[in-house]
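Asker: The structure follows.
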Amino acid sequence: MERFELAEALVRKAGAALRQARLEADAVSCKTGHQDLVTVWDRRTEQFLRQGILSEFPSDAIVGEEYPTVSTAAPEAVWYIDPIDGTTNFINQHRNYAVSVGCWQGDEPLFGLVLDVEADRLYHARAGQGAWCGKTPLAASRRKNISELLLFTPDVLRTFLQPGPGRQDLLRLAQDVRAVRSIGSVALELCAVACGEADLCVATRSCPWDHNAARIILQEAGGAIASLNGAPLPLNEPGTVLAAGSPEALALVLNEYGME
């Protein structure tokens with residue numbers, strides 16, 4: 001089985017289990033505080049994905065949210081997995097959360113899959129083969145006028161209300177765009193840009209497992225992504241994210257708002 005085929009099968013099985021999941025009173029716990037949560041289903045899902053991957057590709061490495069990195073001395077490929085991106089949504093809404101799996105060889109992307117679990121909508125892309133939602137090809141927005149852009153951010157509090165990278169510039173941008181919306185999942189918001197439902201996505205904190213699958217989908221759909229200061233988005237480190245429907249729109253935002 002090829003890696004992509006395995007990933008799709010595992011993601012779909014994980015999604016089916018999560019749609020049936022029910023949270024008992026002791027199933028939710030805090031990591032760093034009451035706004036940073038984890039559930040037994042985050043851990044079960046990551047264990048399921050890890051076991052499925054390593055059973056077929058034991059020489060690969062895995063970087064996930066809930067457990068330490070698994071790696072050989074010279075892995076053939078590295079998988080970035082987020083078992084539930086949007087855990088708070090999973091707990092409070094039981095929608096707007098995703099299973100995210102991306103695979104890279106060195107600095108080169110192989111494929112990315114993001115499953116909008118409750119909608120049973122699978123976004124996917126293989127490098128050089130375009131981006132898709134199911135069997136529908138994706139094309140990112142080509143809008144370039146700031147006043148016409150729809151901006152998504154996964155964390156309104158952190159992006160606009162707390163001190164952080166480029167806060168004043170982000171506030172100016174929020175006032176200049178057409179509207180600001182929040183789903184609460186980096187992966188789903190990047191996919192929203194990929195399919196043209198959003199024009200920009202800003203995250204002032206994002207980890208490799210949050211975005212390394214969706215960034216492949218976005219770029220295959222014609223979009224562009226960088227750090228908030230315009231530097232290339234690192235593959236293996238947490239950081240900030242600025243995504244747009246086109247390289248031109250990304251450059252426009254960086255030039256006009258100069259976020260550092």
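Within each chain, counting starts at residue 1; across the structure tokens, chains are named A, B, ... in the order shown, with ligands numbered 1 upward in that order.
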Counting only C-alpha atoms, which residues of segment 6-81 of chain A fall within 8 Å of segment 87-104 of chain A, and what is the closest atom pair for each with its distance in Å at one decimal, ordered by chain and rising number, as JSON lines?
Answerer:
{"residue": "A:Ala7", "atom": "CA", "partner": "A:Val101", "partner_atom": "CA", "distance": 7.2}
{"residue": "A:Val11", "atom": "CA", "partner": "A:Val99", "partner_atom": "CA", "distance": 6.6}
{"residue": "A:Ala14", "atom": "CA", "partner": "A:Val99", "partner_atom": "CA", "distance": 7.6}
{"residue": "A:Gly15", "atom": "CA", "partner": "A:Val99", "partner_atom": "CA", "distance": 7.0}
{"residue": "A:Leu23", "atom": "CA", "partner": "A:Ile91", "partner_atom": "CA", "distance": 7.5}
{"residue": "A:Gln35", "atom": "CA", "partner": "A:Thr88", "partner_atom": "CA", "distance": 7.9}
{"residue": "A:Leu37", "atom": "CA", "partner": "A:Thr87", "partner_atom": "CA", "distance": 6.7}
{"residue": "A:Val38", "atom": "CA", "partner": "A:Thr87", "partner_atom": "CA", "distance": 6.7}
{"residue": "A:Thr39", "atom": "CA", "partner": "A:Thr87", "partner_atom": "CA", "distance": 7.7}
{"residue": "A:Asp42", "atom": "CA", "partner": "A:Thr87", "partner_atom": "CA", "distance": 7.8}
{"residue": "A:Ala77", "atom": "CA", "partner": "A:Trp104", "partner_atom": "CA", "distance": 5.7}
{"residue": "A:Val78", "atom": "CA", "partner": "A:Trp104", "partner_atom": "CA", "distance": 5.3}
{"residue": "A:Trp79", "atom": "CA", "partner": "A:Cys103", "partner_atom": "CA", "distance": 4.4}
{"residue": "A:Tyr80", "atom": "CA", "partner": "A:Gly102", "partner_atom": "CA", "distance": 5.1}
{"residue": "A:Ile81", "atom": "CA", "partner": "A:Val101", "partner_atom": "CA", "distance": 4.6}
Asker: Could you save the residues just selected, with C-alpha atoms, as a CSV table (one decimal), in the first residue's frame?
Answerer:
chain,number,residue,atom,x,y,z
A,7,ALA,CA,-3.2,7.7,5.1
A,11,VAL,CA,-8.0,9.1,8.4
A,14,ALA,CA,-10.4,7.7,12.6
A,15,GLY,CA,-13.2,10.1,11.5
A,23,LEU,CA,-17.3,12.4,26.1
A,35,GLN,CA,-8.3,27.0,27.2
A,37,LEU,CA,-7.6,21.0,26.4
A,38,VAL,CA,-7.1,17.4,25.5
A,39,THR,CA,-9.5,14.4,25.5
A,42,ASP,CA,-7.2,12.9,21.0
A,77,ALA,CA,9.5,10.1,5.3
A,78,VAL,CA,8.2,12.2,8.2
A,79,TRP,CA,4.5,12.2,9.0
A,80,TYR,CA,2.9,15.2,10.8
A,81,ILE,CA,-0.4,14.2,12.5
Asker: Which residues are near Thr153 of chain A? Cut-off 7 Å, only C-alpha atoms, ignore same chain within fewer than 6 positions. Put them as number ranges by chain.
Answerer: A: 181-182, 201-203
Asker: Leu200 of chain A: which residues within 8 Å, counting only C-alpha atoms, same-chain residues fewer than 4 positions away excluded, as a PDB file with all heavy atoms, in the first residue's frame?
Answerer:
ATOM      1  N   LEU A 149     -11.453  41.165   1.070  1.00  0.00           N
ATOM      2  CA  LEU A 149     -10.928  39.908   1.595  1.00  0.00           C
ATOM      3  C   LEU A 149     -11.646  39.482   2.880  1.00  0.00           C
ATOM      4  O   LEU A 149     -11.967  40.304   3.739  1.00  0.00           O
ATOM      5  CB  LEU A 149      -9.433  40.035   1.877  1.00  0.00           C
ATOM      6  CG  LEU A 149      -8.546  40.454   0.698  1.00  0.00           C
ATOM      7  CD1 LEU A 149      -7.082  40.435   1.113  1.00  0.00           C
ATOM      8  CD2 LEU A 149      -8.778  39.579  -0.513  1.00  0.00           C
ATOM      9  N   LEU A 150     -11.871  38.186   2.997  1.00  0.00           N
ATOM     10  CA  LEU A 150     -12.423  37.581   4.204  1.00  0.00           C
ATOM     11  C   LEU A 150     -11.281  36.915   4.962  1.00  0.00           C
ATOM     12  O   LEU A 150     -10.594  36.041   4.424  1.00  0.00           O
ATOM     13  CB  LEU A 150     -13.495  36.549   3.841  1.00  0.00           C
ATOM     14  CG  LEU A 150     -14.221  35.863   5.006  1.00  0.00           C
ATOM     15  CD1 LEU A 150     -14.961  36.888   5.855  1.00  0.00           C
ATOM     16  CD2 LEU A 150     -15.191  34.809   4.481  1.00  0.00           C
ATOM     17  N   LEU A 151     -11.077  37.344   6.184  1.00  0.00           N
ATOM     18  CA  LEU A 151      -9.960  36.891   7.009  1.00  0.00           C
ATOM     19  C   LEU A 151     -10.445  35.889   8.046  1.00  0.00           C
ATOM     20  O   LEU A 151     -11.392  36.156   8.783  1.00  0.00           O
ATOM     21  CB  LEU A 151      -9.320  38.098   7.704  1.00  0.00           C
ATOM     22  CG  LEU A 151      -8.303  37.820   8.816  1.00  0.00           C
ATOM     23  CD1 LEU A 151      -7.077  37.114   8.268  1.00  0.00           C
ATOM     24  CD2 LEU A 151      -7.911  39.112   9.521  1.00  0.00           C
ATOM     25  N   PHE A 152      -9.773  34.745   8.107  1.00  0.00           N
ATOM     26  CA  PHE A 152     -10.048  33.745   9.133  1.00  0.00           C
ATOM     27  C   PHE A 152      -8.889  33.715  10.119  1.00  0.00           C
ATOM     28  O   PHE A 152      -7.735  33.900   9.747  1.00  0.00           O
ATOM     29  CB  PHE A 152     -10.190  32.346   8.510  1.00  0.00           C
ATOM     30  CG  PHE A 152     -11.561  32.035   7.982  1.00  0.00           C
ATOM     31  CD1 PHE A 152     -12.403  33.024   7.503  1.00  0.00           C
ATOM     32  CD2 PHE A 152     -12.015  30.728   7.939  1.00  0.00           C
ATOM     33  CE1 PHE A 152     -13.658  32.734   7.010  1.00  0.00           C
ATOM     34  CE2 PHE A 152     -13.276  30.418   7.448  1.00  0.00           C
ATOM     35  CZ  PHE A 152     -14.097  31.419   6.992  1.00  0.00           C
ATOM     36  N   VAL A 193      -9.185  28.654   2.891  1.00  0.00           N
ATOM     37  CA  VAL A 193      -8.474  29.498   1.927  1.00  0.00           C
ATOM     38  C   VAL A 193      -8.213  28.723   0.641  1.00  0.00           C
ATOM     39  O   VAL A 193      -8.359  29.247  -0.458  1.00  0.00           O
ATOM     40  CB  VAL A 193      -7.154  30.026   2.531  1.00  0.00           C
ATOM     41  CG1 VAL A 193      -6.415  30.893   1.517  1.00  0.00           C
ATOM     42  CG2 VAL A 193      -7.424  30.830   3.798  1.00  0.00           C
ATOM     43  N   LEU A 242       0.739  33.142   8.114  1.00  0.00           N
ATOM     44  CA  LEU A 242      -0.053  34.031   7.267  1.00  0.00           C
ATOM     45  C   LEU A 242      -0.260  33.325   5.947  1.00  0.00           C
ATOM     46  O   LEU A 242       0.705  33.002   5.249  1.00  0.00           O
ATOM     47  CB  LEU A 242       0.658  35.370   7.051  1.00  0.00           C
ATOM     48  CG  LEU A 242      -0.015  36.331   6.062  1.00  0.00           C
ATOM     49  CD1 LEU A 242      -1.392  36.754   6.562  1.00  0.00           C
ATOM     50  CD2 LEU A 242       0.863  37.551   5.816  1.00  0.00           C
ATOM     51  N   ALA A 243      -1.504  33.043   5.609  1.00  0.00           N
ATOM     52  CA  ALA A 243      -1.836  32.357   4.369  1.00  0.00           C
ATOM     53  C   ALA A 243      -2.778  33.220   3.548  1.00  0.00           C
ATOM     54  O   ALA A 243      -3.597  33.958   4.089  1.00  0.00           O
ATOM     55  CB  ALA A 243      -2.493  31.007   4.659  1.00  0.00           C
ATOM     56  N   ALA A 244      -2.652  33.113   2.226  1.00  0.00           N
ATOM     57  CA  ALA A 244      -3.487  33.898   1.323  1.00  0.00           C
ATOM     58  C   ALA A 244      -3.844  33.063   0.103  1.00  0.00           C
ATOM     59  O   ALA A 244      -3.212  32.043  -0.184  1.00  0.00           O
ATOM     60  CB  ALA A 244      -2.765  35.176   0.897  1.00  0.00           C
ATOM     61  N   GLY A 245      -4.856  33.550  -0.618  1.00  0.00           N
ATOM     62  CA  GLY A 245      -5.324  32.815  -1.790  1.00  0.00           C
ATOM     63  C   GLY A 245      -4.393  32.855  -2.974  1.00  0.00           C
ATOM     64  O   GLY A 245      -4.560  32.075  -3.918  1.00  0.00           O
TER      65      GLY A 245
END
Asker: So which one's closest to Pro238 of chain A, A:Glu220, A:Glu65, A:Asp107, A:Asp169? Using only C-alpha atoms, please.
Answerer: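 Ranking A:Glu220, A:Glu65, A:Asp107, A:Asp169 by distance to Pro238 of chain A, first place goes to A:Glu65.
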Asker: Taking only C-alpha atoms into account, name the residue in A:Arg12, A:Leu173, A:Leu54, A:Leu252 that is nearest to Asp120 of chain A.
Answerer: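 Checking each of A:Arg12, A:Leu173, A:Leu54, A:Leu252 against Asp120 of chain A, counting only C-alpha atoms, the winner is A:Arg12.
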Asker: For Asp210 of chain A, which of A:Ala231, A:Ala187, A:Met259, A:Ala16 is the closest residue, counting only C-alpha atoms?
Answerer: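 Looking only at the distances to Asp210 of chain A, the closest residue turns out to be A:Ala187.
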Asker: Among segment 13-237 of chain A, which residues does DSSP mark as helix (DSSP H, G or I) when it is run on the backbone? Keep the chain and numbering as in the structure and answer as JSON, numbers by chain.
Answerer: {"A": [13, 14, 15, 16, 17, 18, 19, 40, 41, 42, 43, 44, 45, 46, 47, 48, 49, 50, 51, 52, 53, 54, 55, 56, 87, 88, 89, 90, 91, 92, 146, 147, 148, 156, 157, 158, 159, 160, 161, 167, 168, 169, 170, 171, 172, 173, 174, 175, 176, 186, 187, 188, 189, 190, 191, 192, 193, 194, 208, 209, 210, 211, 214, 215, 216, 217, 218, 219, 220]}
Asker: Please identify all polymer residues within 8 Å of segment 131-138 of chain A, counting only C-alpha atoms, omitting same-chain residues fewer than 2 positions from it, and present them as a PyMOL selection string.
Answerer: chain A and resi 121-126+129+140+194-196+217-218+220-221
Asker: Suppose we keep C-alpha atoms; can you now write the selection as a PDB file, in the first residue's frame?
Answerer:
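The new file selection_20.pdb reads:
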ATOM      1  CA  ARG A 121     -15.394  16.228   3.860  1.00  0.00           C
ATOM      2  CA  LEU A 122     -11.872  15.144   2.897  1.00  0.00           C
ATOM      3  CA  TYR A 123      -9.464  17.769   1.599  1.00  0.00           C
ATOM      4  CA  HIS A 124      -6.385  16.226   0.025  1.00  0.00           C
ATOM      5  CA  ALA A 125      -3.435  16.954  -2.218  1.00  0.00           C
ATOM      6  CA  ARG A 126      -0.403  15.180  -3.588  1.00  0.00           C
ATOM      7  CA  GLN A 129      -1.186  16.946  -8.637  1.00  0.00           C
ATOM      8  CA  ALA A 140      -7.978  29.418  -4.042  1.00  0.00           C
ATOM      9  CA  ALA A 194      -7.568  26.626  -0.404  1.00  0.00           C
ATOM     10  CA  CYS A 195     -11.145  26.266  -1.611  1.00  0.00           C
ATOM     11  CA  GLY A 196     -11.873  30.002  -1.868  1.00  0.00           C
ATOM     12  CA  ILE A 217      -3.377  21.489   0.093  1.00  0.00           C
ATOM     13  CA  LEU A 218      -3.321  25.285   0.089  1.00  0.00           C
ATOM     14  CA  GLU A 220      -1.527  22.960  -4.558  1.00  0.00           C
ATOM     15  CA  ALA A 221      -4.733  25.038  -4.827  1.00  0.00           C
TER      16      ALA A 221
END
Asker: Arg205 of chain A: which residues within 10 Å, counting only C-alpha atoms, same-chain residues fewer than 6 positions away excluded, as an NGL selection string?
Answerer: :A and (154-155 or 158-159 or 164-165 or 186 or 238-241)
Asker: Convert the current residue selection to file output with N, CA and C atoms, as a PDB file, in the first residue's frame.
Answerer:
ATOM      1  N   PRO A 154      -7.895  31.266  13.805  1.00  0.00           N
ATOM      2  CA  PRO A 154      -8.388  30.212  14.698  1.00  0.00           C
ATOM      3  C   PRO A 154      -8.541  30.656  16.152  1.00  0.00           C
ATOM      4  N   ASP A 155      -7.941  31.804  16.518  1.00  0.00           N
ATOM      5  CA  ASP A 155      -7.943  32.213  17.926  1.00  0.00           C
ATOM      6  C   ASP A 155      -8.073  33.734  17.995  1.00  0.00           C
ATOM      7  N   ARG A 158      -6.132  35.473  21.070  1.00  0.00           N
ATOM      8  CA  ARG A 158      -4.680  35.567  20.924  1.00  0.00           C
ATOM      9  C   ARG A 158      -4.293  36.488  19.773  1.00  0.00           C
ATOM     10  N   THR A 159      -5.067  36.482  18.685  1.00  0.00           N
ATOM     11  CA  THR A 159      -4.701  37.260  17.503  1.00  0.00           C
ATOM     12  C   THR A 159      -4.898  38.752  17.700  1.00  0.00           C
ATOM     13  N   GLY A 164       1.219  40.313  21.231  1.00  0.00           N
ATOM     14  CA  GLY A 164       1.814  39.266  20.418  1.00  0.00           C
ATOM     15  C   GLY A 164       2.396  39.824  19.145  1.00  0.00           C
ATOM     16  N   PRO A 165       2.904  38.956  18.283  1.00  0.00           N
ATOM     17  CA  PRO A 165       3.556  39.397  17.050  1.00  0.00           C
ATOM     18  C   PRO A 165       2.621  40.215  16.164  1.00  0.00           C
ATOM     19  N   VAL A 186      -6.826  25.474  12.773  1.00  0.00           N
ATOM     20  CA  VAL A 186      -5.871  25.954  11.777  1.00  0.00           C
ATOM     21  C   VAL A 186      -6.012  25.180  10.476  1.00  0.00           C
ATOM     22  N   PRO A 238       7.265  25.388  15.826  1.00  0.00           N
ATOM     23  CA  PRO A 238       6.047  26.198  15.950  1.00  0.00           C
ATOM     24  C   PRO A 238       6.338  27.628  15.552  1.00  0.00           C
ATOM     25  N   GLY A 239       5.303  28.348  15.162  1.00  0.00           N
ATOM     26  CA  GLY A 239       5.497  29.741  14.779  1.00  0.00           C
ATOM     27  C   GLY A 239       4.191  30.391  14.390  1.00  0.00           C
ATOM     28  N   THR A 240       4.305  31.485  13.669  1.00  0.00           N
ATOM     29  CA  THR A 240       3.138  32.217  13.193  1.00  0.00           C
ATOM     30  C   THR A 240       2.838  31.829  11.760  1.00  0.00           C
ATOM     31  N   VAL A 241       1.600  32.066  11.341  1.00  0.00           N
ATOM     32  CA  VAL A 241       1.172  31.693   9.990  1.00  0.00           C
ATOM     33  C   VAL A 241       0.392  32.836   9.360  1.00  0.00           C
TER      34      VAL A 241
END
Asker: Please measure the separation of atom CA of Asn229 of chain A and atom CA of Ala179 of chain A, giving the value in Å to one decimal.
Answerer: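 Interatomic distance, atom CA of Asn229 of chain A to atom CA of Ala179 of chain A: 22.1 Å.
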Asker: DSSP on the backbone: which residues in segment 187-225 of chain A end up as strand (DSSP E)? Give the answer as a PyMOL selection string.
Answerer: chain A and resi 200-206+224-225
